[in-house]
>>> print(open('start.txt').read())   # compact mmCIF, C-alpha atoms and all ligand atoms
# COMPACT_ATOMS: atom_id res chain seq x y z
CA MET T 148 16.57 -5.95 40.76
CA THR T 149 18.05 -7.72 37.77
CA ILE T 150 19.35 -5.47 35.01
CA ASP T 151 19.18 -7.61 31.90
CA LEU T 152 21.10 -6.03 29.04
CA ILE T 153 21.72 -9.24 27.13
CA SER T 154 19.24 -8.37 24.38
CA ASP T 155 16.34 -6.12 23.43
CA THR T 156 14.37 -9.37 23.06
CA LYS T 157 14.22 -9.59 26.87
CA THR T 158 11.28 -7.20 27.21
CA ILE T 159 8.02 -8.34 28.83
CA PRO T 160 4.71 -7.05 27.38
CA SER T 161 3.39 -4.04 29.31
CA LYS T 162 -0.06 -4.04 30.88
CA ALA T 163 -1.40 -1.86 28.06
CA MET T 164 0.04 -4.22 25.44
CA LEU T 165 -1.48 -7.22 27.24
CA GLU T 166 -4.83 -5.44 27.29
CA ALA T 167 -4.62 -4.83 23.54
CA MET T 168 -3.90 -8.54 23.11
CA LEU T 169 -6.85 -9.56 25.33
CA ASN T 170 -9.20 -7.35 23.35
CA ALA T 171 -8.04 -8.56 19.91
CA LYS T 172 -10.58 -9.92 17.44
CA VAL T 173 -9.20 -13.23 16.24
CA GLY T 174 -9.93 -16.04 13.81
CA ASP T 175 -8.10 -18.88 12.11
CA ASP T 176 -5.34 -17.28 10.07
CA VAL T 177 -4.63 -20.50 8.17
CA PHE T 178 -8.03 -19.85 6.57
CA ASN T 179 -7.19 -16.11 6.23
CA GLY T 180 -9.78 -15.51 8.91
CA ASP T 181 -7.91 -13.48 11.48
CA PRO T 182 -8.91 -9.80 11.18
CA THR T 183 -6.17 -8.46 13.47
CA VAL T 184 -3.28 -10.12 11.67
CA ASN T 185 -4.73 -8.88 8.37
CA GLN T 186 -4.88 -5.39 9.86
CA LEU T 187 -1.24 -5.60 10.99
CA GLN T 188 -0.07 -6.85 7.59
CA THR T 189 -1.93 -4.04 5.79
CA LYS T 190 -0.59 -1.46 8.24
CA MET T 191 3.00 -2.58 7.71
CA ALA T 192 2.65 -2.78 3.91
CA THR T 193 1.17 0.73 3.83
CA MET T 194 3.85 2.09 6.14
CA PHE T 195 6.62 0.80 3.85
CA GLY T 196 4.76 1.54 0.61
CA MET T 197 5.06 -2.13 -0.36
CA GLU T 198 2.32 -4.25 -1.90
CA ASP T 199 1.95 -6.91 0.73
CA ALA T 200 3.14 -8.23 4.07
CA LEU T 201 3.11 -11.52 5.97
CA PHE T 202 3.33 -12.20 9.70
CA PHE T 203 5.95 -14.71 10.91
CA PRO T 204 6.64 -16.36 14.26
CA SER T 205 10.31 -15.29 14.10
CA GLY T 206 12.74 -13.10 12.24
CA THR T 207 14.75 -16.18 11.37
CA MET T 208 11.77 -17.74 9.59
CA ALA T 209 11.04 -14.46 7.77
CA ASN T 210 14.66 -14.23 6.54
CA GLN T 211 14.82 -17.91 5.63
CA THR T 212 11.58 -17.59 3.68
CA ALA T 213 12.97 -14.58 1.82
CA ILE T 214 16.14 -16.53 0.93
CA LYS T 215 14.04 -19.48 -0.24
CA LEU T 216 11.71 -17.40 -2.42
CA HIS T 217 14.56 -15.60 -4.18
CA THR T 218 16.80 -18.62 -4.87
CA GLN T 219 17.17 -22.16 -6.23
CA PRO T 220 19.40 -24.86 -4.68
CA GLY T 221 23.00 -24.35 -5.80
CA ASP T 222 22.64 -20.56 -5.92
CA LYS T 223 24.70 -18.08 -3.97
CA LEU T 224 23.79 -15.13 -1.81
CA PHE T 225 26.08 -12.24 -0.86
CA CYS T 226 26.21 -10.92 2.68
CA ASP T 227 28.65 -9.41 5.14
CA LYS T 228 30.78 -11.81 7.18
CA TYR T 229 28.91 -10.59 10.29
CA ALA T 230 25.44 -11.22 8.83
CA HIS T 231 22.76 -12.83 10.99
CA VAL T 232 21.54 -14.87 8.00
CA TYR T 233 24.98 -16.50 7.85
CA ASN T 234 26.07 -16.61 11.51
CA TYR T 235 22.96 -17.00 13.61
CA GLU T 236 20.29 -18.87 11.68
CA GLY T 237 21.62 -22.37 12.23
CA GLY T 238 22.97 -22.75 8.71
CA GLY T 239 19.43 -22.30 7.42
CA ALA T 240 20.47 -20.88 4.03
CA ALA T 241 22.18 -24.22 3.30
CA PHE T 242 19.59 -26.38 5.05
CA ASN T 243 16.39 -24.79 3.76
CA SER T 244 17.46 -23.44 0.40
CA GLY T 245 20.68 -25.27 -0.58
CA VAL T 246 22.30 -21.87 -0.94
CA THR T 247 25.98 -20.93 -0.46
CA CYS T 248 26.87 -17.68 1.31
CA LYS T 249 29.58 -15.56 -0.28
CA LEU T 250 30.88 -13.46 2.61
CA ILE T 251 32.03 -9.91 2.07
CA ASP T 252 34.68 -8.50 4.39
CA GLY T 253 32.93 -5.31 5.43
CA ASN T 254 33.29 -2.86 8.28
CA ARG T 255 31.02 -3.40 11.33
CA GLY T 256 28.71 -5.55 9.21
CA MET T 257 28.56 -3.11 6.30
CA PHE T 258 30.20 -3.41 2.88
CA THR T 259 30.36 -1.09 -0.11
CA ALA T 260 28.86 -1.26 -3.59
CA SER T 261 32.33 -1.68 -5.09
CA GLN T 262 33.08 -4.61 -2.76
CA LEU T 263 29.86 -6.23 -3.97
CA GLU T 264 30.78 -5.53 -7.59
CA GLU T 265 34.13 -7.28 -7.07
CA ALA T 266 32.44 -10.25 -5.40
CA VAL T 267 29.94 -10.67 -8.25
CA VAL T 268 32.64 -10.93 -10.93
CA GLY T 269 32.78 -14.28 -12.72
CA ARG T 270 29.15 -15.19 -12.19
CA ALA T 271 28.73 -16.60 -15.70
CA ASP T 272 31.48 -19.20 -15.16
CA ILE T 273 29.95 -22.70 -14.72
CA HIS T 274 32.39 -23.43 -11.86
CA VAL T 275 30.83 -20.69 -9.77
CA PRO T 276 27.55 -20.94 -7.83
CA PHE T 277 24.96 -18.76 -9.54
CA SER T 278 24.69 -15.29 -8.00
CA ARG T 279 21.09 -14.63 -7.04
CA LEU T 280 20.64 -12.54 -3.93
CA VAL T 281 22.16 -9.80 -1.78
CA CYS T 282 21.27 -9.65 1.93
CA ILE T 283 21.81 -6.46 3.91
CA GLU T 284 21.34 -6.07 7.67
CA ASN T 285 20.28 -2.72 9.14
CA THR T 286 21.06 -2.06 11.92
CA THR T 287 23.89 -4.58 12.05
CA ASN T 288 23.72 -6.83 15.10
CA LYS T 289 27.27 -8.22 15.36
CA GLY T 290 28.44 -4.85 13.99
CA GLY T 291 27.20 -3.13 17.15
CA GLY T 292 23.96 -1.55 15.97
CA ALA T 293 25.66 0.29 13.12
CA CYS T 294 23.43 2.03 10.56
CA TRP T 295 24.11 1.93 6.83
CA ASP T 296 24.56 5.07 4.86
CA PHE T 297 21.40 5.12 2.73
CA SER T 298 23.24 6.38 -0.36
CA GLU T 299 25.50 3.28 -0.19
CA LEU T 300 22.40 1.08 -0.04
CA GLU T 301 21.16 2.85 -3.18
CA LYS T 302 24.50 2.22 -4.92
CA ILE T 303 24.30 -1.44 -3.92
CA GLY T 304 20.75 -1.44 -5.31
CA LYS T 305 22.15 -0.34 -8.67
CA VAL T 306 24.68 -3.20 -8.62
CA THR T 307 21.87 -5.68 -7.83
CA GLN T 308 19.85 -4.32 -10.76
CA SER T 309 22.65 -4.48 -13.30
CA ASN T 310 23.45 -8.05 -12.21
CA LYS T 311 19.80 -9.16 -11.88
CA LEU T 312 20.20 -9.98 -8.19
CA ALA T 313 17.36 -9.89 -5.67
CA TYR T 314 17.82 -7.44 -2.80
CA HIS T 315 16.73 -8.46 0.72
CA LEU T 316 16.94 -6.39 3.88
CA ASP T 317 17.17 -8.12 7.26
CA GLY T 318 15.59 -5.24 9.13
CA ALA T 319 15.28 -6.97 12.50
CA ARG T 320 16.21 -3.59 14.04
CA LEU T 321 15.31 -1.38 11.07
CA PHE T 322 13.22 0.92 13.26
CA ASN T 323 16.31 1.69 15.34
CA ALA T 324 18.04 2.85 12.16
CA LEU T 325 15.00 4.85 10.99
CA VAL T 326 14.80 6.69 14.31
CA ALA T 327 18.56 7.23 14.62
CA LYS T 328 18.98 8.53 11.07
CA ASN T 329 15.58 10.18 10.71
CA GLU T 330 14.76 8.04 7.68
CA SER T 331 11.35 6.82 6.49
CA PRO T 332 10.10 3.25 5.97
CA LYS T 333 9.05 4.18 2.41
CA GLN T 334 12.65 4.93 1.37
CA TYR T 335 13.46 1.33 2.21
CA GLY T 336 10.26 -0.04 0.70
CA GLN T 337 11.19 1.48 -2.65
CA LEU T 338 14.73 0.11 -2.64
CA PHE T 339 14.39 -3.51 -1.54
CA ASP T 340 12.58 -6.51 -3.01
CA THR T 341 11.86 -7.93 0.43
CA ILE T 342 12.28 -6.62 3.98
CA SER T 343 11.96 -8.50 7.28
CA VAL T 344 11.23 -6.53 10.45
CA CYS T 345 11.14 -7.83 14.05
CA LEU T 346 8.34 -6.68 16.32
CA SER T 347 9.89 -8.55 19.25
CA LYS T 348 13.13 -6.58 19.58
CA GLY T 349 13.20 -2.87 20.43
CA LEU T 350 9.49 -2.54 19.73
CA GLY T 351 8.71 -4.79 22.69
CA ALA T 352 6.18 -7.32 21.33
CA PRO T 353 6.54 -10.85 22.74
CA VAL T 354 6.52 -12.62 19.36
CA GLY T 355 6.54 -11.81 15.69
CA SER T 356 8.22 -10.55 12.59
CA VAL T 357 6.80 -9.30 9.33
CA LEU T 358 8.07 -9.93 5.80
CA LEU T 359 7.30 -7.24 3.22
CA GLY T 360 7.40 -7.48 -0.56
CA SER T 361 5.45 -7.49 -3.82
CA LYS T 362 2.20 -9.47 -4.11
CA THR T 363 4.07 -12.14 -6.09
CA HIS T 364 6.84 -12.46 -3.52
CA ILE T 365 4.44 -12.59 -0.58
CA GLN T 366 2.32 -15.23 -2.33
CA LYS T 367 5.44 -17.39 -2.60
CA ALA T 368 6.31 -16.58 1.00
CA TYR T 369 2.84 -17.68 2.09
CA ARG T 370 3.44 -21.15 0.72
CA ILE T 371 6.99 -21.38 2.09
CA ARG T 372 5.83 -20.30 5.55
CA LYS T 373 3.34 -23.17 5.49
CA LEU T 374 5.94 -25.75 4.55
CA LEU T 375 8.29 -24.47 7.26
CA GLY T 376 5.49 -24.99 9.78
CA GLY T 377 4.91 -21.30 10.36
CA ALA T 378 1.23 -21.03 9.44
CA MET T 379 -0.57 -20.35 12.72
CA ARG T 380 -4.16 -20.14 13.90
CA GLN T 381 -5.54 -17.38 16.21
CA ILE T 382 -2.49 -15.15 15.92
CA GLY T 383 -4.51 -11.96 16.16
CA TYR T 384 -3.47 -11.98 19.83
CA LEU T 385 0.14 -11.66 18.74
CA ALA T 386 -0.64 -9.25 15.92
CA ALA T 387 -2.44 -7.02 18.44
CA ALA T 388 0.80 -6.82 20.42
CA GLY T 389 2.59 -5.90 17.19
CA MET T 390 0.02 -3.20 16.39
CA TYR T 391 0.40 -1.79 19.88
CA ALA T 392 4.19 -1.81 19.46
CA LEU T 393 3.98 0.07 16.15
CA ASP T 394 1.59 2.65 17.59
CA ASN T 395 3.46 3.27 20.84
CA ASN T 396 7.05 2.09 20.81
CA ILE T 397 8.78 3.46 17.72
CA GLU T 398 9.62 7.05 18.70
CA ARG T 399 10.78 5.99 22.14
CA LEU T 400 13.66 3.99 20.62
CA ALA T 401 15.48 7.35 20.80
CA GLU T 402 15.56 6.90 24.60
CA ASP T 403 17.36 3.56 24.24
CA HIS T 404 19.85 5.23 21.92
CA LYS T 405 20.41 8.10 24.37
CA LYS T 406 21.04 5.68 27.25
CA ALA T 407 23.43 3.66 25.08
CA LYS T 408 25.45 6.80 24.34
CA GLU T 409 25.55 7.66 28.06
CA ILE T 410 26.85 4.17 28.85
CA GLY T 411 29.47 4.64 26.14
CA LYS T 412 30.52 7.91 27.71
CA VAL T 413 31.18 6.22 31.06
CA LEU T 414 33.02 3.32 29.38
CA SER T 415 35.24 5.84 27.60
CA THR T 416 36.40 7.28 30.96
CA VAL T 417 37.25 4.04 32.82
CA SER T 418 40.75 2.60 32.58
CA TYR T 419 39.79 -1.09 32.20
CA VAL T 420 38.03 -0.54 28.85
CA THR T 421 40.47 -0.78 25.94
CA LYS T 422 38.12 -0.07 23.03
CA ILE T 423 34.50 0.87 22.35
CA GLU T 424 32.86 0.48 18.96
CA PRO T 425 31.03 3.61 17.72
CA ILE T 426 27.55 3.76 19.29
CA GLU T 427 24.81 4.67 16.83
CA THR T 428 21.72 2.97 18.24
CA ASN T 429 20.95 0.68 21.21
CA ILE T 430 23.91 -1.71 21.02
CA ILE T 431 27.24 -1.13 22.74
CA ILE T 432 30.22 -3.33 21.98
CA PHE T 433 33.38 -2.88 24.01
CA TYR T 434 36.58 -4.65 25.01
CA VAL T 435 38.16 -4.86 28.47
CA ASP T 436 41.79 -5.14 29.51
CA GLU T 437 43.23 -8.63 28.89
CA LYS T 438 44.13 -8.85 32.60
CA ILE T 439 40.41 -8.74 33.40
CA GLY T 440 39.11 -10.68 30.39
CA ALA T 441 35.65 -10.49 28.84
CA HIS T 442 34.25 -13.64 30.48
CA ASN T 443 35.52 -12.70 33.91
CA PHE T 444 34.08 -9.19 33.55
CA ILE T 445 30.70 -10.59 32.54
CA GLU T 446 30.75 -13.02 35.50
CA LYS T 447 31.64 -10.25 37.97
CA MET T 448 28.82 -8.06 36.65
CA ALA T 449 26.42 -11.01 36.93
CA THR T 450 27.15 -11.23 40.68
CA LYS T 451 25.74 -7.67 40.83
CA ASN T 452 22.66 -8.83 38.89
CA ILE T 453 23.80 -7.03 35.76
CA LEU T 454 23.60 -9.34 32.77
CA LEU T 455 25.75 -8.76 29.69
CA THR T 456 26.68 -11.08 26.83
CA PRO T 457 29.95 -12.05 25.11
CA MET T 458 30.05 -11.62 21.31
CA GLY T 459 33.26 -13.58 20.61
CA GLU T 460 36.83 -12.31 20.09
CA GLY T 461 36.81 -10.53 23.47
CA ARG T 462 33.77 -8.46 22.59
CA ILE T 463 31.21 -7.63 25.28
CA ARG T 464 27.71 -6.52 24.28
CA ILE T 465 25.20 -4.34 26.09
CA VAL T 466 21.76 -3.78 24.56
CA THR T 467 19.42 -1.10 25.92
CA HIS T 468 15.66 -1.59 25.60
CA LEU T 469 12.12 -0.76 26.68
CA ASP T 470 12.38 -2.49 30.07
CA TYR T 471 15.71 -0.88 30.96
CA THR T 472 14.48 1.86 33.28
CA ASP T 473 16.05 5.16 34.36
CA ASP T 474 16.71 3.65 37.81
CA MET T 475 18.50 0.67 36.30
CA HIS T 476 20.48 3.08 34.14
CA GLN T 477 21.77 4.99 37.17
CA VAL T 478 22.77 1.74 38.91
CA LEU T 479 24.57 0.48 35.80
CA LEU T 480 26.47 3.73 35.23
CA LYS T 481 27.67 3.67 38.85
CA GLU T 482 28.70 0.00 38.73
CA LEU T 483 30.65 0.56 35.49
CA GLN T 484 32.34 3.58 37.03
CA ASP T 485 33.27 1.74 40.24
CA PHE T 486 34.34 -1.58 38.71
C1 LIG T 501 17.15 -11.10 16.08
C2 LIG T 501 17.57 -11.01 14.69
C3 LIG T 501 16.92 -11.74 13.68
C4 LIG T 501 15.76 -12.68 13.93
O1 LIG T 501 15.84 -13.39 15.05
P1 LIG T 501 14.64 -14.21 15.70
O2 LIG T 501 15.17 -14.47 17.05
O3 LIG T 501 14.47 -15.43 14.88
O4 LIG T 501 13.41 -13.37 15.70
C5 LIG T 501 17.35 -11.58 12.39
N1 LIG T 501 18.33 -10.74 12.09
C6 LIG T 501 18.96 -10.00 13.01
C7 LIG T 501 20.03 -9.05 12.60
C8 LIG T 501 18.61 -10.12 14.34
O5 LIG T 501 19.25 -9.38 15.25
>>> encode(input="start.txt", output="structure tokens")
Amino acid sequence: MTIDLISDTKTIPSKAMLEAMLNAKVGDDVFNGDPTVNQLQTKMATMFGMEDALFFPSGTMANQTAIKLHTQPGDKLFCDKYAHVYNYEGGGAAFNSGVTCKLIDGNRGMFTASQLEEAVVGRADIHVPFSRLVCIENTTNKGGGACWDFSELEKIGKVTQSNKLAYHLDGARLFNALVAKNESPKQYGQLFDTISVCLSKGLGAPVGSVLLGSKTHIQKAYRIRKLLGGAMRQIGYLAAAGMYALDNNIERLAEDHKKAKEIGKVLSTVSYVTKIEPIETNIIIFYVDEKIGAHNFIEKMATKNILLTPMGEGRIRIVTHLDYTDDMHQVLLKELQDF
């Protein structure tokens, strides 16, 4: 038995999800002829109370499209120093959109409205790249699955309005935040100009992300997706997996969060762990004693078929997910205890 806790992207579609995929009605989506993807897009837009939605092959492409549609080359976006759009999208903001990232020094991937206000100062100066966009990430990935305080997001929204900045949410794991904080998709739909959501993380679909926004924004996104090579044909098969994920796998994210907290509890009792980041959702980030070392610890666990990932600066990451069973959980807790 391999216990793969490297990412919540490691899930394999269940039999029921595969059946939903097999039974999907499909057509050529490049000619707007795929009924299932249209159904998924409408479902997501309705859920978030936003005008329109567009299916993407990846969260990276959905975010990159959002950046492109909100900006012109030479512009600047604001994000936390931990942001996925800056750290983990291959430099796409620069490559695809010619955009500079102004990094804000937040806490666990989250900054405050006043930090943003400070960062925006001087935007009229011709020396300074034009301020155009703010990108938020909820939950934060490198920040250990941390959830933003919604009232801070509202305050940041006010700063974006007074400075005429677009407001994008990288909601790859937004459903984890919604479940953990008992929030609703509509709250977020009202606040942001665009939102990207991954169906292939905690929700367990094999492929797919959705970008949400106004009709005008999604029309632009539609064109950008084409030029990035992301317009696809009979994707109803993938959309069916996404529909199944939305219908069946949202509430159960609470189980992943519960298991993550239980893992944290064990880590807090063993002597070799020097620090654990607060655990709010399905991501655990911890540090081990320098004498052991993060890489060595990860290697030792791998010999027991337990797979974890390093996150730089001595950080070790565990991510709980749909395919992490109760049995695996008991084995992991014991191995962490006995290490
Ligand atoms: C996973 C992830 C994405 C998108 O990643 P893809 O692998 O391209 O789907 C975007 N943002 C965050 C925070 C993520 O964790």
>>> closest_residue(input="start.txt", among="T:Phe277, T:Phe178, T:Phe339, T:Tyr235", to="ligand LIG 501 (chain T)", atoms="only C-alpha atoms and all ligand atoms")
T:Tyr235
>>> residues_near_ligand(input="start.txt", ligand="ligand LIG 501 (chain T)", cutoff="6 Å", atoms="only C-alpha atoms and all ligand atoms", output="list of chain:residue names")
T:Ser205, T:Gly206, T:Thr207, T:His231, T:Glu284, T:Thr287, T:Asn288, T:Asp317, T:Ala319
>>> residues_around(input="start.txt", residues="T:Lys215", least_positions_apart="6", cutoff="9 Å", atoms="all atoms listed in the file", output="PyMOL selection string")
chain T and resi 240+243-246+368+371
>>> residues_around(input="start.txt", residues="T:Ser361", least_positions_apart="6", cutoff="7 Å", atoms="all atoms listed in the file", output="list in words")
Met197, Glu198 and Asp199 of chain T
>>> residues_near_point(input="start.txt", point="(13.9, -9.9, 9.0)", cutoff="7 Å", atoms="only C-alpha atoms", output="ChimeraX atom specification")
/T:206-207,209-210,316-319,342-345,356,358
>>> residues_near_point(input="start.txt", point="(-8.3, -19.8, 10.3)", cutoff="10 Å", atoms="only C-alpha atoms", output="MDAnalysis selection string")
chainID T and resid 173:181 378:382
>>> write_last_selection(input="start.txt", atoms="C-alpha atoms", output="PDB file, keeping the file's coordinate frame")
ATOM      1  CA  VAL T 173      -9.200 -13.230  16.240  1.00  0.00           C
ATOM      2  CA  GLY T 174      -9.930 -16.040  13.810  1.00  0.00           C
ATOM      3  CA  ASP T 175      -8.100 -18.880  12.110  1.00  0.00           C
ATOM      4  CA  ASP T 176      -5.340 -17.280  10.070  1.00  0.00           C
ATOM      5  CA  VAL T 177      -4.630 -20.500   8.170  1.00  0.00           C
ATOM      6  CA  PHE T 178      -8.030 -19.850   6.570  1.00  0.00           C
ATOM      7  CA  ASN T 179      -7.190 -16.110   6.230  1.00  0.00           C
ATOM      8  CA  GLY T 180      -9.780 -15.510   8.910  1.00  0.00           C
ATOM      9  CA  ASP T 181      -7.910 -13.480  11.480  1.00  0.00           C
ATOM     10  CA  ALA T 378       1.230 -21.030   9.440  1.00  0.00           C
ATOM     11  CA  MET T 379      -0.570 -20.350  12.720  1.00  0.00           C
ATOM     12  CA  ARG T 380      -4.160 -20.140  13.900  1.00  0.00           C
ATOM     13  CA  GLN T 381      -5.540 -17.380  16.210  1.00  0.00           C
ATOM     14  CA  ILE T 382      -2.490 -15.150  15.920  1.00  0.00           C
TER      15      ILE T 382
END
>>> closest_residue(input="start.txt", among="T:Lys157, T:Lys348, T:Lys481, T:Lys302", to="T:Phe258", atoms="all atoms listed in the file")
T:Lys302
>>> atom_distance(input="start.txt", atom1="atom CA of T:Asn443", atom2="atom CA of T:Glu482")
15.2 Å
>>> atom_distance(input="start.txt", atom1="atom CA of T:His274", atom2="atom CA of T:Lys223")
12.2 Å
>>> residues_around(input="start.txt", residues="T:Leu263", least_positions_apart="2", cutoff="10 Å", atoms="only C-alpha atoms", output="list in words")
Phe225, Cys226, Asp227, Leu250, Ile251, Asp252, Gly253, Phe258, Thr259, Ala260, Ser261, Glu265, Ala266, Val267, Val268, Val281, Ile303, Val306 and Thr307 of chain T
